[in-house]
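Participant: My structure file work.cif, mmCIF, C-alpha atoms, is below:
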data_work
#
loop_
_atom_site.label_atom_id
_atom_site.label_comp_id
_atom_site.auth_asym_id
_atom_site.auth_seq_id
_atom_site.Cartn_x
_atom_site.Cartn_y
_atom_site.Cartn_z
CA MET A 1 -11.91 25.20 -16.68
CA ASN A 2 -14.20 22.31 -17.52
CA ARG A 3 -17.54 23.66 -16.40
CA ARG A 4 -19.10 20.18 -16.38
CA SER A 5 -16.81 19.13 -13.53
CA SER A 6 -17.25 22.26 -11.43
CA THR A 7 -18.56 22.16 -7.87
CA VAL A 8 -20.47 25.09 -6.40
CA ALA A 9 -20.87 25.27 -2.61
CA ILE A 10 -23.90 27.30 -1.48
CA THR A 11 -23.41 28.18 2.17
CA ASP A 12 -26.96 29.33 2.94
CA HIS A 13 -28.60 26.20 4.37
CA THR A 14 -32.09 27.67 3.88
CA ASN A 15 -31.76 27.29 0.09
CA GLN A 16 -32.01 23.51 0.13
CA SER A 17 -34.57 23.41 -2.68
CA LEU A 18 -31.95 24.86 -5.07
CA ASP A 19 -34.71 25.51 -7.60
CA ILE A 20 -33.27 28.86 -8.66
CA GLU A 21 -29.69 27.59 -8.76
CA ARG A 22 -30.60 24.51 -10.80
CA ARG A 23 -32.51 26.63 -13.29
CA ILE A 24 -29.53 28.94 -13.83
CA PHE A 25 -26.92 26.19 -14.01
CA LEU A 26 -29.17 24.01 -16.19
CA GLY A 27 -27.22 22.17 -18.92
CA ASN A 28 -23.86 22.40 -17.18
CA ASN A 29 -24.26 19.37 -14.89
CA TRP A 30 -22.41 21.16 -12.12
CA LYS A 31 -22.44 19.67 -8.67
CA LEU A 32 -24.33 21.89 -6.23
CA LEU A 33 -23.71 21.57 -2.49
CA VAL A 34 -25.76 23.01 0.37
CA PRO A 35 -25.17 22.37 4.09
CA LYS A 36 -27.77 20.62 6.24
CA ASP A 37 -27.38 23.19 9.01
CA ARG A 38 -25.97 26.68 9.54
CA LEU A 39 -22.15 26.74 9.27
CA LYS A 40 -20.83 27.96 12.62
CA SER A 41 -17.04 27.57 12.45
CA GLN A 42 -14.08 27.78 10.09
CA ASP A 43 -13.63 24.01 10.29
CA GLU A 44 -17.25 23.44 9.27
CA LEU A 45 -16.90 25.81 6.32
CA ILE A 46 -13.65 24.15 5.20
CA SER A 47 -15.11 20.65 5.49
CA PHE A 48 -18.21 21.68 3.55
CA ALA A 49 -16.49 23.59 0.72
CA LYS A 50 -13.07 21.92 0.44
CA TYR A 51 -13.70 20.57 -3.08
CA ALA A 52 -15.51 23.64 -4.40
CA ASP A 53 -14.54 25.65 -7.47
CA ALA A 54 -16.93 28.40 -6.37
CA VAL A 55 -18.64 29.39 -3.14
CA ILE A 56 -21.91 31.30 -3.07
CA TYR A 57 -21.45 32.85 0.33
CA SER A 58 -23.95 34.03 2.92
CA ALA A 59 -22.64 32.32 6.06
CA ASP A 60 -21.81 33.77 9.47
CA VAL A 61 -18.19 32.52 9.44
CA ARG A 62 -15.54 35.01 8.34
CA PHE A 63 -13.97 33.82 5.08
CA SER A 64 -10.27 34.22 5.88
CA GLY A 65 -7.12 33.49 3.94
CA LEU A 66 -6.66 30.38 6.06
CA ILE A 67 -9.97 29.02 4.80
CA MET A 68 -9.10 29.93 1.21
CA ASP A 69 -5.86 27.96 1.48
CA LYS A 70 -7.86 24.88 2.49
CA ILE A 71 -10.04 25.09 -0.65
CA PRO A 72 -7.40 24.60 -3.37
CA ASN A 73 -9.70 24.77 -6.41
CA LEU A 74 -11.50 27.94 -5.33
CA LYS A 75 -11.85 30.53 -8.12
CA ILE A 76 -14.63 32.79 -6.89
CA ILE A 77 -16.49 33.76 -3.72
CA SER A 78 -19.84 35.13 -4.84
CA LEU A 79 -21.57 37.05 -2.07
CA ALA A 80 -25.33 36.75 -1.93
CA SER A 81 -25.47 40.17 -0.26
CA ILE A 82 -24.30 43.78 -0.48
CA GLY A 83 -21.90 43.79 2.45
CA ALA A 84 -18.49 42.17 2.04
CA ASP A 85 -17.24 42.54 5.61
CA GLY A 86 -17.31 38.75 6.06
CA ILE A 87 -14.62 38.25 3.40
CA ASP A 88 -10.89 38.96 3.62
CA ILE A 89 -10.77 40.58 0.19
CA HIS A 90 -7.05 41.35 0.42
CA ALA A 91 -6.31 37.67 1.07
CA ALA A 92 -8.54 36.64 -1.84
CA THR A 93 -6.79 39.05 -4.20
CA LYS A 94 -3.36 37.71 -3.21
CA ARG A 95 -4.57 34.22 -4.10
CA GLY A 96 -6.22 35.23 -7.38
CA ILE A 97 -9.70 34.46 -6.05
CA LEU A 98 -12.47 36.70 -7.35
CA VAL A 99 -14.92 38.25 -4.89
CA THR A 100 -18.27 39.58 -6.08
CA ASN A 101 -21.36 41.01 -4.42
CA VAL A 102 -24.85 42.21 -5.37
CA PRO A 103 -24.73 45.96 -4.65
CA ASP A 104 -28.30 46.72 -5.75
CA TYR A 105 -29.83 43.94 -3.66
CA CYS A 106 -32.69 44.79 -1.25
CA LEU A 107 -32.21 48.57 -1.21
CA ASP A 108 -35.94 49.27 -1.20
CA GLU A 109 -36.64 46.45 1.27
CA VAL A 110 -34.13 47.79 3.81
CA ALA A 111 -35.39 51.36 3.34
CA ASP A 112 -38.98 50.20 3.87
CA HIS A 113 -38.04 48.19 6.95
CA THR A 114 -36.02 51.08 8.35
CA MET A 115 -38.96 53.42 7.88
CA THR A 116 -41.17 50.89 9.64
CA LEU A 117 -38.78 50.81 12.61
CA ILE A 118 -38.62 54.60 12.69
CA LEU A 119 -42.40 54.97 12.71
CA SER A 120 -42.83 52.23 15.31
CA GLN A 121 -40.56 54.20 17.62
CA MET A 122 -41.93 57.67 16.92
CA ARG A 123 -45.55 56.56 17.35
CA GLY A 124 -44.82 54.41 20.41
CA LEU A 125 -46.41 51.44 18.67
CA PHE A 126 -44.97 48.65 20.80
CA LEU A 127 -45.38 50.47 24.09
CA MET A 128 -49.03 50.97 23.18
CA ALA A 129 -49.40 47.28 22.30
CA LYS A 130 -47.85 46.23 25.62
CA ALA A 131 -50.09 48.61 27.53
CA LEU A 132 -53.15 47.27 25.72
CA GLY A 133 -52.16 43.74 26.68
CA SER A 134 -52.13 44.75 30.33
CA GLY A 135 -55.70 46.08 30.18
CA LYS A 136 -55.04 49.79 29.57
CA TRP A 137 -56.97 51.87 27.03
CA GLY A 138 -57.21 55.38 25.62
CA HIS A 139 -55.82 58.08 27.89
CA ASP A 140 -54.40 55.46 30.26
CA VAL A 141 -52.05 54.53 27.42
CA HIS A 142 -51.54 58.14 26.33
CA GLU A 143 -49.95 58.90 29.69
CA LEU A 144 -47.35 56.16 29.17
CA VAL A 145 -46.27 57.04 25.64
CA ARG A 146 -44.63 60.28 24.52
CA VAL A 147 -45.59 60.95 20.90
CA ARG A 148 -44.61 64.05 18.96
CA ARG A 149 -45.85 65.31 15.61
CA LEU A 150 -43.44 63.94 12.99
CA SER A 151 -43.10 67.27 11.23
CA SER A 152 -41.62 68.69 14.44
CA GLN A 153 -38.94 65.98 14.64
CA VAL A 154 -35.39 65.72 13.28
CA LEU A 155 -34.32 62.46 11.66
CA GLY A 156 -30.55 62.01 11.58
CA LEU A 157 -29.10 59.66 8.97
CA LEU A 158 -25.69 58.28 9.90
CA ALA A 159 -24.11 57.78 6.45
CA PHE A 160 -25.77 58.83 3.22
CA GLY A 161 -25.42 55.90 0.84
CA LYS A 162 -28.02 54.32 -1.43
CA THR A 163 -30.25 52.96 1.31
CA ALA A 164 -30.10 56.08 3.46
CA ARG A 165 -31.16 58.19 0.48
CA ARG A 166 -34.19 55.97 -0.05
CA VAL A 167 -35.05 56.39 3.63
CA ALA A 168 -34.75 60.16 3.19
CA VAL A 169 -37.28 60.13 0.35
CA ARG A 170 -39.72 58.10 2.45
CA ALA A 171 -39.20 60.21 5.58
CA LYS A 172 -39.78 63.44 3.65
CA ALA A 173 -43.31 62.25 2.89
CA PHE A 174 -43.98 62.07 6.64
CA GLY A 175 -42.71 65.59 7.22
CA PHE A 176 -39.43 64.88 9.04
CA LYS A 177 -36.65 67.45 8.95
CA ILE A 178 -33.67 65.37 7.83
CA ILE A 179 -30.00 65.87 8.60
CA SER A 180 -27.13 63.54 7.76
CA TYR A 181 -23.47 63.01 8.49
CA ASP A 182 -21.27 61.44 5.82
CA PRO A 183 -17.85 63.01 5.17
CA TYR A 184 -17.43 61.06 1.92
CA VAL A 185 -20.47 62.49 0.14
CA PRO A 186 -20.36 66.00 -1.42
CA ARG A 187 -22.84 68.58 -0.18
CA TRP A 188 -24.67 68.88 -3.50
CA GLU A 189 -25.87 65.25 -3.21
CA PHE A 190 -27.56 66.09 0.10
CA ASP A 191 -29.05 69.22 -1.44
CA LEU A 192 -30.66 67.19 -4.23
CA LEU A 193 -32.89 65.45 -1.67
CA GLY A 194 -33.41 68.43 0.60
CA VAL A 195 -31.25 66.95 3.36
CA GLU A 196 -29.04 69.13 5.53
CA LYS A 197 -25.45 67.95 5.69
CA VAL A 198 -23.88 68.30 9.13
CA ASP A 199 -20.12 68.52 9.49
CA THR A 200 -19.56 66.32 12.55
CA ILE A 201 -20.99 63.13 13.98
CA ASP A 202 -21.32 64.95 17.29
CA GLU A 203 -23.75 67.45 15.77
CA LEU A 204 -25.82 64.64 14.29
CA PHE A 205 -26.20 62.93 17.66
CA ARG A 206 -26.93 66.17 19.52
CA ARG A 207 -29.63 67.46 17.20
CA SER A 208 -31.53 64.33 16.15
CA ASP A 209 -34.77 63.14 17.69
CA ILE A 210 -34.22 59.76 16.04
CA ILE A 211 -31.02 58.46 14.45
CA SER A 212 -30.96 55.83 11.72
CA ALA A 213 -27.56 54.19 11.10
CA HIS A 214 -26.63 53.06 7.60
CA LEU A 215 -22.91 52.39 8.01
CA PRO A 216 -20.90 49.73 6.21
CA LEU A 217 -18.72 47.63 8.50
CA ASN A 218 -14.97 48.14 8.26
CA ARG A 219 -12.07 49.08 10.54
CA GLU A 220 -13.11 52.71 10.58
CA THR A 221 -16.75 52.10 11.44
CA ARG A 222 -16.55 49.21 13.94
CA HIS A 223 -18.03 50.58 17.19
CA LEU A 224 -18.20 54.03 15.62
CA VAL A 225 -21.38 54.50 17.62
CA GLY A 226 -20.12 54.21 21.18
CA GLU A 227 -20.56 55.65 24.64
CA LYS A 228 -19.42 59.13 23.59
CA GLU A 229 -21.83 59.38 20.66
CA ILE A 230 -24.80 57.86 22.48
CA GLY A 231 -24.06 60.10 25.45
CA GLN A 232 -24.77 63.16 23.31
CA MET A 233 -28.30 62.07 22.39
CA LYS A 234 -31.36 63.74 23.86
CA ARG A 235 -33.08 61.80 26.62
CA THR A 236 -36.14 61.70 24.35
CA ALA A 237 -34.18 60.50 21.31
CA ARG A 238 -34.27 57.05 19.74
CA PHE A 239 -31.82 54.92 17.78
CA VAL A 240 -32.46 52.70 14.74
CA ASN A 241 -30.04 50.34 13.02
CA ALA A 242 -30.78 48.16 9.99
CA GLY A 243 -27.22 48.39 8.65
CA ARG A 244 -24.40 46.51 10.39
CA GLY A 245 -24.64 45.44 14.01
CA ALA A 246 -20.96 45.75 14.92
CA THR A 247 -20.90 49.45 13.99
CA VAL A 248 -22.58 49.99 17.37
CA ASP A 249 -21.07 49.26 20.78
CA GLU A 250 -24.00 47.20 22.01
CA ARG A 251 -23.01 47.40 25.67
CA ALA A 252 -23.01 51.20 25.51
CA LEU A 253 -26.42 51.20 23.84
CA ILE A 254 -27.89 48.81 26.43
CA ALA A 255 -26.50 50.90 29.28
CA ALA A 256 -28.08 54.07 27.85
CA LEU A 257 -31.43 52.32 27.49
CA GLU A 258 -31.34 50.78 30.96
CA GLU A 259 -30.46 54.13 32.54
CA LYS A 260 -33.17 55.93 30.54
CA ARG A 261 -30.58 58.24 28.97
CA ILE A 262 -32.29 57.63 25.61
CA ALA A 263 -35.93 56.79 24.99
CA GLY A 264 -35.78 53.70 22.81
CA ALA A 265 -34.21 51.69 20.01
CA ALA A 266 -35.27 49.59 17.04
CA LEU A 267 -32.71 47.16 15.67
CA ASP A 268 -32.66 44.65 12.83
CA VAL A 269 -28.95 43.89 13.32
CA LEU A 270 -26.91 43.12 16.42
CA GLU A 271 -23.24 42.92 17.29
CA HIS A 272 -23.50 39.15 17.87
CA GLU A 273 -26.01 37.11 15.88
CA PRO A 274 -28.20 35.21 16.34
CA ILE A 275 -29.23 36.93 19.56
CA GLY A 276 -28.63 35.13 22.84
CA MET A 277 -31.73 34.58 24.93
CA ASN A 278 -30.03 36.32 27.88
CA ASN A 279 -29.42 39.51 25.87
CA ARG A 280 -30.78 42.44 27.88
CA LEU A 281 -32.28 43.98 24.74
CA LEU A 282 -35.00 41.33 24.87
CA GLN A 283 -36.18 42.53 28.28
CA LEU A 284 -36.05 46.31 27.82
CA ASP A 285 -39.17 48.41 27.31
CA ASP A 286 -39.56 50.25 24.00
CA VAL A 287 -36.87 48.22 22.26
CA VAL A 288 -38.02 46.71 18.96
CA LEU A 289 -35.96 43.84 17.55
CA THR A 290 -36.29 42.07 14.21
CA PRO A 291 -34.14 39.06 13.19
CA HIS A 292 -31.84 40.56 10.52
CA LEU A 293 -34.56 40.35 7.88
CA ALA A 294 -34.78 43.95 6.71
CA ALA A 295 -33.47 42.76 3.34
CA TYR A 296 -36.22 40.22 2.88
CA SER A 297 -38.94 40.15 0.29
CA GLU A 298 -39.87 37.28 -2.00
CA GLU A 299 -38.64 39.27 -5.00
CA ALA A 300 -35.34 40.30 -3.44
CA PHE A 301 -34.66 36.76 -2.23
CA VAL A 302 -34.98 35.42 -5.79
CA ALA A 303 -33.00 38.25 -7.38
CA VAL A 304 -29.98 37.98 -5.08
CA ARG A 305 -29.70 34.24 -5.64
CA GLU A 306 -29.93 34.72 -9.40
CA ASP A 307 -27.25 37.43 -9.44
CA ALA A 308 -24.90 35.45 -7.20
CA CYS A 309 -25.22 32.44 -9.51
CA ARG A 310 -24.61 34.50 -12.65
CA ALA A 311 -21.38 35.84 -11.14
CA VAL A 312 -20.20 32.23 -10.75
CA LEU A 313 -21.18 31.41 -14.33
CA ASP A 314 -19.21 34.39 -15.61
CA ALA A 315 -16.11 33.69 -13.52
CA LEU A 316 -15.86 29.98 -14.30
CA SER A 317 -16.45 30.71 -17.98
CA GLY A 318 -13.50 33.11 -18.04
CA HIS A 319 -15.57 36.29 -18.15
CA ARG A 320 -15.29 39.22 -15.77
CA PRO A 321 -18.27 39.24 -13.38
CA ARG A 322 -20.42 42.34 -13.37
CA PHE A 323 -19.84 43.34 -9.74
CA LEU A 324 -16.22 42.49 -9.01
CA LEU A 325 -14.84 43.79 -5.71
CA ASN A 326 -11.20 42.93 -6.40
CA PRO A 327 -10.48 43.58 -10.11
CA LYS A 328 -6.74 42.96 -9.58
CA ALA A 329 -7.56 39.27 -9.09
CA PHE A 330 -9.13 38.96 -12.54
CA LYS A 331 -6.93 37.61 -15.30
CA LYS A 332 -8.24 37.14 -18.80
#
Before anything else, please render the file you have as structure tokens.
Facilitator:
Amino acid sequence: MNRRSSTVAITDHTNQSLDIERRIFLGNNWKLLVPKDRLKSQDELISFAKYADAVIYSADVRFSGLIMDKIPNLKIISLASIGADGIDIHAATKRGILVTNVPDYCLDEVADHTMTLILSQMRGLFLMAKALGSGKWGHDVHELVRVRRLSSQVLGLLAFGKTARRVAVRAKAFGFKIISYDPYVPRWEFDLLGVEKVDTIDELFRRSDIISAHLPLNRETRHLVGEKEIGQMKRTARFVNAGRGATVDERALIAALEEKRIAGAALDVLEHEPIGMNNRLLQLDDVVLTPHLAAYSEEAFVAVREDACRAVLDALSGHRPRFLLNPKAFKK
């Protein structure tokens, strides 16, 4: 591979300055491409990246085998994220295309954001702000918002991966009793952080005063949180998700909120993004929405771009990238 002739397509249109990418690729004279607008379809992705040797990927379009076949020089898809649900990794492996991610990206940022969403719900922050805007004050607001002492509340963590564990450490400082459901994690790892492992998802939903979802998105977890699970929540319970939007059946969640079967929700991710302006979640009381930016901080934004670029450098130089999701595709 002649590195001087390589083309790298960077799908995130917000990175048009390319200052970080140019610094890392300095001296190689590689051609760097970035789209003018967000890529919204397979055809747009193919047209943009069809001459690329590498794609630094953070688009909304699923990267399928069909797309890979239309990019004949493609050697690596470098994810500028943790989650790889947007890539058909099996298809990439069959074609000898490397797929990498940045697994340590934004863990603290997402944990901090999640804790912010949890506290905003448990303290009734946005209901109080709305009431204040309508001229209410003091006890007039107190009558509208149900707030419980945090040390009397149970926080349920759905999945117990790296981010959820960071949330557990933060939540402990506020006095929450913490339980978690994750059948893939041994009990001793829960014990290390003083978290009670529950044996079923049903128990998690029944006992929790607030549930924070930290699920990856795959066939097993898509719509794992549905009508049955939400139906087991206390009427006073709340739901938080800063993981993957499609792990939750959004229609079931909206129905529970509209019918006051649960008390509230705080979401950084949605099943369909960006949110449509007619989405009922925008009109519901005590629903807090943020625009899929839990991962954001200035430091994290720089680090993920640097790591994604270094994976491309390694792959196109014949070296095995550090975080390779499909090692069978790598040939020395």
Participant: Suppose you want the space between atom CA of Ala311 of chain A and atom CA of Asp37 of chain A; what is it in Å?
Facilitator: 24.5 Å
Participant: Report as number ranges by chain the full result of the PyMOL selection byres ((chain A and resi 145) around 12) when it is applied to this structure.
Facilitator: A: 120-132, 137-144, 146-148, 236, 263-264, 285-286
Participant: Please indicate the distance in Å from atom CA of Gly65 of chain A to atom CA of His292 of chain A, rounded to one decimal place.
Facilitator: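 Going from atom CA of Gly65 of chain A over to atom CA of His292 of chain A, I get 26.5 Å.
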Participant: List the neighbours of Tyr296 of chain A out to 12 Å using all atoms listed in the file; skip same-chain residues closer than 3 positions along the sequence, and give me the result as a list in words.
Facilitator: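 Close residues of Tyr296 of chain A: Ser81, Tyr105, Cys106, Leu107, Asp108, Glu109, Val110, Ala111, Asp112, His113, Ala242, Asp268, Thr290, Pro291, His292, Leu293, Glu299, Ala300, Phe301, Val302, Ala303 and Val304 of chain A.
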Participant: Just the number, please: distance in Å from atom CA of Ser212 of chain A to atom CA of Gly156 of chain A, one decimal.
Facilitator: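 Interatomic distance here is 6.2 Å.
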Participant: Using all atoms listed in the file and a cutoff of 10 Å, can you tell me which residues are near (-27.0, 19.7, -5.9) in the file's coordinates, and write them out as a PyMOL selection string?
Facilitator: chain A and resi 7-10+16-19+21-22+29-34
Participant: Could you list, as a list in words, every residue matched by the PyMOL selection byres ((chain A and resi 82) around 7) in this structure?
Facilitator: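 So the PyMOL selection byres ((chain A and resi 82) around 7), applied here, picks out Ser81, Gly83, Ala84, Asn101, Val102, Pro103 and Tyr105 of chain A.
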Participant: Can you tell me, as JSON, numbers by chain, what residues are no more than 12 Å from His90 of chain A when counting all atoms listed in the file, ignoring any on the same chain fewer than 6 positions away?
Facilitator: {"A": [63, 64, 65, 68, 84, 96, 97, 98, 99, 325, 326, 327, 328, 329]}
Participant: Which one is closest to Gly245 of chain A: A:Asp85, A:Lys197, A:Arg95, A:Asp104? Count only C-alpha atoms.
Facilitator: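 Result for the nearest residue to Gly245 of chain A: A:Asp85.
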Participant: Starting from the shown file, work through the PyMOL selection byres ((chain A and resi 56) around 7) and note down what comes out as JSON, numbers by chain.
Facilitator: {"A": [9, 10, 11, 54, 55, 57, 58, 77, 78, 79, 80, 308]}
Participant: Ranking A:Val167, A:Val61, A:Ile201, A:Leu324 by minimum distance to Asp43 of chain A and counting only C-alpha atoms, which one comes first?
Facilitator: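 Ranking A:Val167, A:Val61, A:Ile201, A:Leu324 by distance to Asp43 of chain A, first place goes to A:Val61.
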Participant: Here is a test: counting all atoms listed in the file, which residue of A:Leu253, A:Leu39, A:Leu270, A:Leu155 is nearest to Arg170 of chain A?
Facilitator: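 Ranking A:Leu253, A:Leu39, A:Leu270, A:Leu155 by distance to Arg170 of chain A, first place goes to A:Leu155.
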Participant: If we draw a sphere of 9 Å around (-7.6, 28.8, -3.8), which residues have at least one atom in it when counting all atoms listed in the file? Please report them as a ChimeraX atom specification.
Facilitator: /A:53,67-76,92,95-97
Participant: Hey, which of A:Glu229, A:Asp191, A:Glu250, A:Glu196 ends up closest to Asn279 of chain A? Count only C-alpha atoms.
Facilitator: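 Between A:Glu229, A:Asp191, A:Glu250, A:Glu196, the residue approaching Asn279 of chain A most closely is A:Glu250.
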Participant: Do you know which residues are at most 8 Å from Val287 of chain A counting all atoms listed in the file, after dropping those on the same chain fewer than 5 positions away, and could you put them as a tab-separated table (two decimals) with C-alpha atoms, in the coordinates of the input?
Facilitator:
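The result, written out as result39.tsv:
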chain	number	residue	atom	x	y	z
A	264	GLY	CA	-35.78	53.70	22.81
A	265	ALA	CA	-34.21	51.69	20.01
A	266	ALA	CA	-35.27	49.59	17.04
A	267	LEU	CA	-32.71	47.16	15.67
A	281	LEU	CA	-32.28	43.98	24.74
A	282	LEU	CA	-35.00	41.33	24.87
Participant: From the options A:Arg305, A:Lys332, A:Arg219, A:Arg310, which residue's atoms come nearest to Asp12 of chain A, counting all atoms listed in the file?
Facilitator: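 Looking at the shortest contact to Asp12 of chain A, the residue is A:Arg305.
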Participant: Using only C-alpha atoms, which residues sit within 12 Å of Ser180 of chain A once same-chain residues fewer than 2 positions away are excluded, as a count of residues only?
Facilitator: 44
Participant: Could I get segment 49-67 of chain A rebuilt with N, CA, C and O atoms, written as a PDB file, in the frame of the given file?
Facilitator:
ATOM      1  N   ALA A  49     -16.827  23.005   2.036  1.00  0.00           N
ATOM      2  CA  ALA A  49     -16.490  23.590   0.720  1.00  0.00           C
ATOM      3  C   ALA A  49     -15.129  23.166   0.175  1.00  0.00           C
ATOM      4  O   ALA A  49     -14.683  23.727  -0.827  1.00  0.00           O
ATOM      5  N   LYS A  50     -14.468  22.185   0.781  1.00  0.00           N
ATOM      6  CA  LYS A  50     -13.070  21.920   0.440  1.00  0.00           C
ATOM      7  C   LYS A  50     -12.837  21.493  -1.001  1.00  0.00           C
ATOM      8  O   LYS A  50     -11.731  21.641  -1.528  1.00  0.00           O
ATOM      9  N   TYR A  51     -13.864  20.971  -1.678  1.00  0.00           N
ATOM     10  CA  TYR A  51     -13.700  20.570  -3.080  1.00  0.00           C
ATOM     11  C   TYR A  51     -14.348  21.547  -4.056  1.00  0.00           C
ATOM     12  O   TYR A  51     -14.473  21.251  -5.245  1.00  0.00           O
ATOM     13  N   ALA A  52     -14.744  22.705  -3.573  1.00  0.00           N
ATOM     14  CA  ALA A  52     -15.510  23.640  -4.400  1.00  0.00           C
ATOM     15  C   ALA A  52     -14.620  24.437  -5.355  1.00  0.00           C
ATOM     16  O   ALA A  52     -13.493  24.810  -5.025  1.00  0.00           O
ATOM     17  N   ASP A  53     -15.151  24.705  -6.530  1.00  0.00           N
ATOM     18  CA  ASP A  53     -14.540  25.650  -7.470  1.00  0.00           C
ATOM     19  C   ASP A  53     -15.096  27.050  -7.228  1.00  0.00           C
ATOM     20  O   ASP A  53     -14.446  28.038  -7.560  1.00  0.00           O
ATOM     21  N   ALA A  54     -16.283  27.121  -6.664  1.00  0.00           N
ATOM     22  CA  ALA A  54     -16.930  28.400  -6.370  1.00  0.00           C
ATOM     23  C   ALA A  54     -17.739  28.264  -5.097  1.00  0.00           C
ATOM     24  O   ALA A  54     -18.284  27.194  -4.811  1.00  0.00           O
ATOM     25  N   VAL A  55     -17.812  29.354  -4.347  1.00  0.00           N
ATOM     26  CA  VAL A  55     -18.640  29.390  -3.140  1.00  0.00           C
ATOM     27  C   VAL A  55     -19.607  30.558  -3.267  1.00  0.00           C
ATOM     28  O   VAL A  55     -19.190  31.703  -3.485  1.00  0.00           O
ATOM     29  N   ILE A  56     -20.896  30.257  -3.183  1.00  0.00           N
ATOM     30  CA  ILE A  56     -21.910  31.300  -3.070  1.00  0.00           C
ATOM     31  C   ILE A  56     -22.110  31.505  -1.577  1.00  0.00           C
ATOM     32  O   ILE A  56     -22.608  30.625  -0.875  1.00  0.00           O
ATOM     33  N   TYR A  57     -21.717  32.674  -1.093  1.00  0.00           N
ATOM     34  CA  TYR A  57     -21.450  32.850   0.330  1.00  0.00           C
ATOM     35  C   TYR A  57     -22.485  33.744   1.013  1.00  0.00           C
ATOM     36  O   TYR A  57     -22.716  34.878   0.600  1.00  0.00           O
ATOM     37  N   SER A  58     -23.084  33.213   2.071  1.00  0.00           N
ATOM     38  CA  SER A  58     -23.950  34.030   2.920  1.00  0.00           C
ATOM     39  C   SER A  58     -23.929  33.466   4.341  1.00  0.00           C
ATOM     40  O   SER A  58     -24.925  33.503   5.050  1.00  0.00           O
ATOM     41  N   ALA A  59     -22.779  32.935   4.742  1.00  0.00           N
ATOM     42  CA  ALA A  59     -22.640  32.320   6.060  1.00  0.00           C
ATOM     43  C   ALA A  59     -22.208  33.342   7.106  1.00  0.00           C
ATOM     44  O   ALA A  59     -21.861  34.478   6.792  1.00  0.00           O
ATOM     45  N   ASP A  60     -22.207  32.906   8.370  1.00  0.00           N
ATOM     46  CA  ASP A  60     -21.810  33.770   9.470  1.00  0.00           C
ATOM     47  C   ASP A  60     -20.307  33.711   9.742  1.00  0.00           C
ATOM     48  O   ASP A  60     -19.776  34.549  10.460  1.00  0.00           O
ATOM     49  N   VAL A  61     -19.621  32.720   9.186  1.00  0.00           N
ATOM     50  CA  VAL A  61     -18.190  32.520   9.440  1.00  0.00           C
ATOM     51  C   VAL A  61     -17.379  33.453   8.559  1.00  0.00           C
ATOM     52  O   VAL A  61     -17.631  33.551   7.353  1.00  0.00           O
ATOM     53  N   ARG A  62     -16.404  34.143   9.154  1.00  0.00           N
ATOM     54  CA  ARG A  62     -15.540  35.010   8.340  1.00  0.00           C
ATOM     55  C   ARG A  62     -14.706  34.169   7.391  1.00  0.00           C
ATOM     56  O   ARG A  62     -14.078  33.185   7.786  1.00  0.00           O
ATOM     57  N   PHE A  63     -14.692  34.556   6.115  1.00  0.00           N
ATOM     58  CA  PHE A  63     -13.970  33.820   5.080  1.00  0.00           C
ATOM     59  C   PHE A  63     -12.548  34.376   5.011  1.00  0.00           C
ATOM     60  O   PHE A  63     -12.254  35.338   4.318  1.00  0.00           O
ATOM     61  N   SER A  64     -11.644  33.742   5.742  1.00  0.00           N
ATOM     62  CA  SER A  64     -10.270  34.220   5.880  1.00  0.00           C
ATOM     63  C   SER A  64      -9.340  33.573   4.853  1.00  0.00           C
ATOM     64  O   SER A  64      -9.707  32.622   4.149  1.00  0.00           O
ATOM     65  N   GLY A  65      -8.127  34.086   4.805  1.00  0.00           N
ATOM     66  CA  GLY A  65      -7.120  33.490   3.940  1.00  0.00           C
ATOM     67  C   GLY A  65      -6.823  32.056   4.314  1.00  0.00           C
ATOM     68  O   GLY A  65      -6.545  31.222   3.439  1.00  0.00           O
ATOM     69  N   LEU A  66      -6.880  31.745   5.601  1.00  0.00           N
ATOM     70  CA  LEU A  66      -6.660  30.380   6.060  1.00  0.00           C
ATOM     71  C   LEU A  66      -7.676  29.430   5.446  1.00  0.00           C
ATOM     72  O   LEU A  66      -7.327  28.322   4.987  1.00  0.00           O
ATOM     73  N   ILE A  67      -8.930  29.856   5.408  1.00  0.00           N
ATOM     74  CA  ILE A  67      -9.970  29.020   4.800  1.00  0.00           C
ATOM     75  C   ILE A  67      -9.722  28.874   3.305  1.00  0.00           C
ATOM     76  O   ILE A  67      -9.836  27.786   2.738  1.00  0.00           O
TER      77      ILE A  67
END
